[in-house]
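Printed here is query.tsv (TSV, C-alpha atoms):
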chain	number	residue	atom	x	y	z
N	1	MET	CA	0.00	0.00	0.00
N	2	LYS	CA	1.26	3.46	-0.89
N	3	PHE	CA	1.62	6.27	1.63
N	4	VAL	CA	1.07	10.01	1.54
N	5	PHE	CA	2.84	12.31	4.01
N	6	ILE	CA	0.92	15.48	4.92
N	7	THR	CA	1.85	18.16	7.44
N	8	GLY	CA	-0.75	20.02	9.49
N	9	THR	CA	-3.38	17.27	9.53
N	10	SER	CA	-5.21	18.12	12.75
N	11	ARG	CA	-7.60	20.56	11.04
N	12	GLY	CA	-8.27	22.73	8.01
N	13	LEU	CA	-6.95	21.90	4.57
N	14	GLY	CA	-4.41	19.38	5.85
N	15	PHE	CA	-7.14	17.41	7.60
N	16	SER	CA	-9.36	17.47	4.51
N	17	LEU	CA	-6.54	16.42	2.19
N	18	ALA	CA	-5.64	13.53	4.50
N	19	LYS	CA	-9.28	12.43	4.64
N	20	ASN	CA	-9.53	12.54	0.84
N	21	PHE	CA	-6.50	10.30	0.41
N	22	LEU	CA	-7.69	7.93	3.13
N	23	GLU	CA	-11.01	7.60	1.32
N	24	ARG	CA	-9.01	6.62	-1.75
N	25	ASN	CA	-7.36	3.79	0.22
N	26	TYR	CA	-3.98	5.41	0.72
N	27	SER	CA	-2.25	5.21	4.06
N	28	VAL	CA	-1.46	8.65	5.47
N	29	LEU	CA	1.38	9.80	7.68
N	30	GLY	CA	0.48	13.09	9.35
N	31	VAL	CA	2.22	15.53	11.63
N	32	SER	CA	0.93	18.42	13.75
N	33	ARG	CA	1.23	19.74	17.28
N	34	ASN	CA	-2.43	18.87	17.94
N	35	PRO	CA	-4.19	15.49	17.80
N	36	SER	CA	-6.23	14.45	14.77
N	37	ASN	CA	-9.40	12.39	15.03
N	38	LEU	CA	-8.37	10.72	11.78
N	39	GLU	CA	-6.64	8.23	14.07
N	40	GLU	CA	-10.05	7.17	15.35
N	41	LEU	CA	-11.73	7.24	11.94
N	42	TYR	CA	-8.98	5.31	10.13
N	43	PRO	CA	-7.00	3.52	12.86
N	44	SER	CA	-5.23	1.11	10.53
N	45	ARG	CA	-4.22	3.60	7.84
N	46	TYR	CA	-3.70	6.98	9.51
N	47	HIS	CA	-0.56	7.44	11.60
N	48	HIS	CA	0.15	10.65	13.52
N	49	LEU	CA	3.32	12.29	14.75
N	50	PHE	CA	2.64	14.83	17.50
N	51	TYR	CA	5.21	17.54	16.97
N	52	ASP	CA	5.51	21.31	17.18
N	53	LEU	CA	7.25	22.34	13.98
N	54	ASN	CA	8.56	25.45	15.69
N	55	ASP	CA	11.11	23.14	17.32
N	56	ILE	CA	13.18	22.46	14.22
N	57	GLN	CA	16.23	21.62	16.33
N	58	ASN	CA	14.86	18.16	17.12
N	59	PHE	CA	12.54	17.64	14.19
N	60	SER	CA	14.90	15.54	12.09
N	61	PHE	CA	15.45	13.05	14.93
N	62	SER	CA	11.73	12.80	15.82
N	63	LEU	CA	10.72	12.50	12.18
N	64	ARG	CA	13.27	9.79	11.48
N	65	SER	CA	12.18	7.83	14.56
N	66	PHE	CA	8.57	8.08	13.35
N	67	LEU	CA	9.39	6.96	9.81
N	68	ASP	CA	11.49	4.07	11.10
N	69	LEU	CA	8.25	2.47	12.31
N	70	PHE	CA	7.13	1.92	8.72
N	71	LEU	CA	10.32	1.36	6.72
N	72	PRO	CA	10.64	0.20	4.07
N	73	PHE	CA	7.55	1.56	2.34
N	74	GLU	CA	6.28	3.27	-0.81
N	75	LEU	CA	5.73	6.99	-0.32
N	76	GLU	CA	4.21	8.43	-3.46
N	77	ILE	CA	3.21	11.92	-2.32
N	78	VAL	CA	4.43	14.56	0.14
N	79	ILE	CA	2.20	17.57	0.87
N	80	LEU	CA	3.77	20.47	2.76
N	81	ASN	CA	0.71	22.14	4.22
N	82	ALA	CA	1.43	23.26	7.81
N	83	ALA	CA	1.90	27.00	8.30
N	84	ILE	CA	1.21	29.86	10.67
N	85	LEU	CA	-0.01	33.33	9.79
N	86	GLY	CA	1.75	35.59	12.27
N	87	ASN	CA	0.48	39.07	13.00
N	88	ILE	CA	-1.15	41.26	10.38
N	89	GLN	CA	1.10	44.32	10.55
N	90	GLU	CA	3.62	46.45	8.69
N	91	ILE	CA	6.89	44.71	8.00
N	92	HIS	CA	8.89	47.55	9.55
N	93	LYS	CA	7.03	46.94	12.83
N	94	THR	CA	7.50	43.16	12.78
N	95	GLN	CA	10.10	41.89	15.22
N	96	ILE	CA	12.85	39.59	13.95
N	97	GLU	CA	11.90	37.02	16.61
N	98	GLU	CA	8.40	36.70	15.13
N	99	LEU	CA	9.76	36.44	11.61
N	100	GLU	CA	12.16	33.71	12.71
N	101	CYS	CA	9.30	31.70	14.21
N	102	ILE	CA	7.22	31.99	11.02
N	103	ILE	CA	10.16	31.00	8.83
N	104	ARG	CA	10.99	28.01	11.04
N	105	ILE	CA	7.50	26.58	10.68
N	106	ASN	CA	6.62	27.67	7.15
N	107	VAL	CA	9.99	27.05	5.48
N	108	TRP	CA	12.73	25.25	7.43
N	109	SER	CA	10.52	22.47	8.78
N	110	ASN	CA	9.70	21.66	5.15
N	111	LYS	CA	13.38	21.52	4.25
N	112	ILE	CA	14.06	19.12	7.13
N	113	LEU	CA	11.15	16.92	6.08
N	114	LEU	CA	12.25	16.81	2.45
N	115	ASP	CA	15.90	16.18	3.31
N	116	THR	CA	14.99	13.34	5.66
N	117	ILE	CA	12.69	11.64	3.14
N	118	LEU	CA	15.07	12.12	0.21
N	119	ASP	CA	17.94	10.70	2.27
N	120	LEU	CA	15.86	7.62	3.11
N	121	GLN	CA	15.01	7.24	-0.55
N	122	ASN	CA	18.70	7.41	-1.40
N	123	GLN	CA	19.17	4.55	1.07
N	124	ARG	CA	16.38	2.65	-0.74
N	125	LYS	CA	14.27	2.58	2.43
N	126	ILE	CA	11.58	4.72	0.78
N	127	GLN	CA	10.46	4.02	-2.77
N	128	SER	CA	8.17	5.52	-5.40
N	129	LEU	CA	8.30	9.19	-4.38
N	130	LYS	CA	6.85	11.14	-7.33
N	131	TYR	CA	4.97	14.23	-6.20
N	132	ILE	CA	5.84	17.02	-3.75
N	133	LEU	CA	3.11	19.62	-3.32
N	134	ALA	CA	3.81	22.72	-1.22
N	135	ILE	CA	0.79	24.77	-0.17
N	136	SER	CA	1.73	28.36	-0.97
N	137	SER	CA	-0.37	31.53	-1.16
N	138	GLY	CA	-1.15	34.45	-3.40
N	139	ALA	CA	0.44	36.53	-0.64
N	140	SER	CA	3.80	35.12	-1.76
N	141	ILE	CA	3.76	37.12	-4.98
N	142	LYS	CA	1.51	40.13	-4.25
N	143	GLY	CA	3.47	41.70	-1.40
N	144	GLU	CA	0.39	43.47	-0.07
N	145	LYS	CA	0.65	45.58	3.05
N	146	GLY	CA	0.00	43.65	6.24
N	147	TRP	CA	0.95	40.11	5.17
N	148	SER	CA	4.42	40.66	6.62
N	149	GLY	CA	6.24	37.47	7.67
N	150	TYR	CA	3.64	35.17	6.14
N	151	ALA	CA	4.25	36.61	2.66
N	152	ILE	CA	8.01	36.40	3.13
N	153	SER	CA	7.79	32.77	4.25
N	154	LYS	CA	5.58	31.72	1.36
N	155	ALA	CA	7.82	33.49	-1.16
N	156	ALA	CA	10.77	31.63	0.38
N	157	LEU	CA	8.82	28.38	0.14
N	158	ASN	CA	8.23	28.98	-3.57
N	159	ILE	CA	11.93	29.36	-4.29
N	160	LEU	CA	12.80	26.45	-2.00
N	161	ILE	CA	10.54	24.23	-4.09
N	162	LYS	CA	12.09	25.52	-7.31
N	163	LEU	CA	15.59	24.75	-6.00
N	164	TYR	CA	14.61	21.19	-5.08
N	165	ALA	CA	12.97	20.76	-8.47
N	166	ASN	CA	16.24	21.65	-10.18
N	167	GLU	CA	18.20	19.29	-7.94
N	168	PHE	CA	15.81	16.32	-8.27
N	169	PRO	CA	14.60	16.29	-11.89
N	170	ASP	CA	13.14	12.79	-11.53
N	171	LYS	CA	10.35	14.15	-9.28
N	172	LYS	CA	7.62	16.75	-9.67
N	173	PHE	CA	7.63	19.71	-7.29
N	174	ILE	CA	4.82	22.30	-7.32
N	175	SER	CA	3.97	25.30	-5.13
N	176	LEU	CA	0.19	25.65	-5.11
N	177	ALA	CA	-1.87	28.66	-4.07
N	178	PRO	CA	-5.24	27.10	-3.12
N	179	GLY	CA	-7.25	30.32	-3.12
N	180	LEU	CA	-9.46	31.45	-0.25
N	181	VAL	CA	-10.12	28.66	2.23
N	182	LEU	CA	-12.29	29.02	5.33
N	183	THR	CA	-9.84	27.86	7.98
N	184	LYS	CA	-8.70	29.04	11.40
N	185	MET	CA	-6.22	31.29	9.60
N	186	GLN	CA	-9.11	33.14	7.95
N	187	ASP	CA	-10.79	33.39	11.36
N	188	GLU	CA	-7.64	35.00	12.77
N	189	ILE	CA	-7.69	37.57	9.98
N	190	TYR	CA	-11.41	38.23	10.44
N	191	GLN	CA	-11.08	38.75	14.20
N	192	ASN	CA	-7.83	40.72	14.33
N	193	VAL	CA	-7.29	42.79	11.20
N	194	ASP	CA	-7.58	46.58	11.36
N	195	LEU	CA	-9.43	47.31	8.11
N	196	GLU	CA	-8.75	51.04	8.31
N	197	LYS	CA	-5.04	50.38	8.38
N	198	PHE	CA	-5.14	47.40	5.98
N	199	PRO	CA	-8.09	48.00	3.59
N	200	ASN	CA	-6.85	45.33	1.15
N	201	PHE	CA	-8.13	42.71	3.62
N	202	ASN	CA	-11.69	43.86	2.97
N	203	ARG	CA	-11.95	41.44	0.06
N	204	LEU	CA	-11.24	38.52	2.40
N	205	ILE	CA	-13.91	39.63	4.84
N	206	THR	CA	-16.42	40.13	2.02
N	207	ALA	CA	-15.55	36.78	0.45
N	208	ARG	CA	-16.67	34.95	3.59
N	209	GLN	CA	-20.26	35.48	2.46
N	210	THR	CA	-19.68	34.16	-1.08
N	211	ASN	CA	-18.59	30.98	-2.82
N	212	GLN	CA	-15.17	32.56	-3.33
N	213	MET	CA	-14.37	31.39	0.21
N	214	GLN	CA	-14.35	27.60	-0.08
N	215	THR	CA	-14.45	25.07	2.71
N	216	PRO	CA	-11.36	22.93	3.31
N	217	ASP	CA	-13.27	19.90	2.00
N	218	ASP	CA	-14.19	21.70	-1.22
N	219	THR	CA	-10.61	22.87	-1.73
N	220	ALA	CA	-9.11	19.45	-1.00
N	221	GLY	CA	-11.53	17.87	-3.46
N	222	LYS	CA	-10.61	20.42	-6.12
N	223	ILE	CA	-6.90	19.72	-5.58
N	224	ILE	CA	-7.42	15.97	-5.96
N	225	GLU	CA	-9.66	16.41	-9.01
N	226	ASN	CA	-7.09	18.66	-10.70
N	227	TRP	CA	-4.03	16.65	-9.59
N	228	ASP	CA	-2.85	15.74	-13.09
N	229	LYS	CA	-3.42	19.28	-14.34
N	230	ILE	CA	-1.50	20.75	-11.40
N	231	PHE	CA	1.47	18.50	-12.04
N	232	SER	CA	1.40	19.07	-15.80
N	233	TYR	CA	3.21	22.35	-15.10
N	234	GLU	CA	6.99	22.44	-15.16
N	235	SER	CA	8.47	21.08	-11.96
N	236	GLY	CA	9.20	23.91	-9.53
N	237	SER	CA	6.35	26.08	-10.80
N	238	TYR	CA	4.03	28.25	-8.75
N	239	VAL	CA	0.43	27.39	-9.66
N	240	ASP	CA	-2.79	29.13	-8.61
N	241	LEU	CA	-5.65	26.64	-8.23
N	242	ARG	CA	-8.16	29.33	-9.16
N	243	ASN	CA	-6.65	29.57	-12.65
N	244	LEU	CA	-7.08	25.91	-13.54

Written as structure tokens, that's how I'd like the structure from this file.
Amino acid sequence: MKFVFITGTSRGLGFSLAKNFLERNYSVLGVSRNPSNLEELYPSRYHHLFYDLNDIQNFSFSLRSFLDLFLPFELEIVILNAAILGNIQEIHKTQIEELECIIRINVWSNKILLDTILDLQNQRKIQSLKYILAISSGASIKGEKGWSGYAISKAALNILIKLYANEFPDKKFISLAPGLVLTKMQDEIYQNVDLEKFPNFNRLITARQTNQMQTPDDTAGKIIENWDKIFSYESGSYVDLRNL
């Protein structure tokens, strides 16, 4: 049986993506700092690593110990989904310590995950890896006021994926902007953003009342349905799901 590895599977898009693959009879390896009830729903095929990705110092060891439980196995897909938003504020008012935390979770944890899996593949302990999908954001290319560290981290993730694509031409790497998804991150924006200071966020607030703001289940389904189209782009590309 083939595996999928997905980060951030306790809720939101990560949870919905994991559920979609489980319904398609994949086994799923998930990681997040919170529990996932997918363990109860699919006890034989969903396996969870409890880990706070902010602690990148020990992530490689914990991840390797987790993967050792299943080796050797076929891992066809890796989805880098976990991320934090950070504060909505001007970049010149954002403290370096906050930026470092965002980058650790949104960028460096993904590098550690990829390096660990690719090393195990080199040792022939993991086989069949074909697709690496990084969940990016339109914020990574727009540079709009207020997105601050989140935009920086997603832009860095885009180029990280492009670099890996150039170094591993036998695999397909894609950075995917999923569009507007009604997750806890959107709730944070809705509850905390100062619209007078950051009027560009008005469109997100307005979209909550329309079909522009999709549920995680709808978005996950659209990603799965368009999988071949997404990966028809050149490896390392940034793709916006709304344009497919």

(request) Just give me the residues with any atom within 12 Å of (-8.7, 8.1, 3.4), file coordinates, counting all atoms listed in the file, written as a ChimeraX atom specification. (result) /N:2-4,15-29,38-39,41-47

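With distances restricted to all atoms listed in the file, N:Arg11 is the closest residue to Pro35 of chain N from N:Arg11, N:Arg64, N:Lys222, N:Lys93.
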
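The shortest atom-to-atom distance to Pro199 of chain N, with all atoms listed in the file taken into account, belongs to N:Glu144 out of N:Ser175, N:Asn110, N:Glu144, N:Met1.
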
Atom pair atom CA of Leu67 of chain N + atom CA of Ser128 of chain N, distance 15.3 Å

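Nearest residue to Asp194 of chain N among N:Ile88, N:Leu180, N:Leu133, N:Ile77 is N:Ile88, counting all atoms listed in the file.
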
The residue from N:Ala155, N:Val181, N:Ala134, N:Val239 with the smallest atom-to-atom distance to Leu114 of chain N, counting only C-alpha atoms, is N:Ala134

One decimal place gives the atom CA of Lys171 of chain N-atom CA of Lys125 of chain N separation as 16.9 Å

Nearest to Lys184 of chain N, restricted to all atoms listed in the file and choosing among N:Ile159, N:Ala139, N:Leu244, N:Ile84, comes out as N:Ile84

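Residue nearest Leu71 of chain N within the list N:Ile135, N:Ile161, N:Ile117, N:Ile223: N:Ile117 [criterion: smallest interatomic distance, only C-alpha atoms].
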
Taken to one decimal, the atom CA of Ser32 of chain N-atom CA of Leu63 of chain N distance is 11.5 Å

Give me the residues near Asn200 of chain N as a tab-separated table (two decimals) with C-alpha atoms, in the coordinates of the input, where near means some atom within 8 Å (using all atoms listed in the file) and where sequence neighbours in that chain fewer than 2 positions away do not count.
chain	number	residue	atom	x	y	z
N	144	GLU	CA	0.39	43.47	-0.07
N	145	LYS	CA	0.65	45.58	3.05
N	195	LEU	CA	-9.43	47.31	8.11
N	198	PHE	CA	-5.14	47.40	5.98
N	202	ASN	CA	-11.69	43.86	2.97
N	203	ARG	CA	-11.95	41.44	0.06
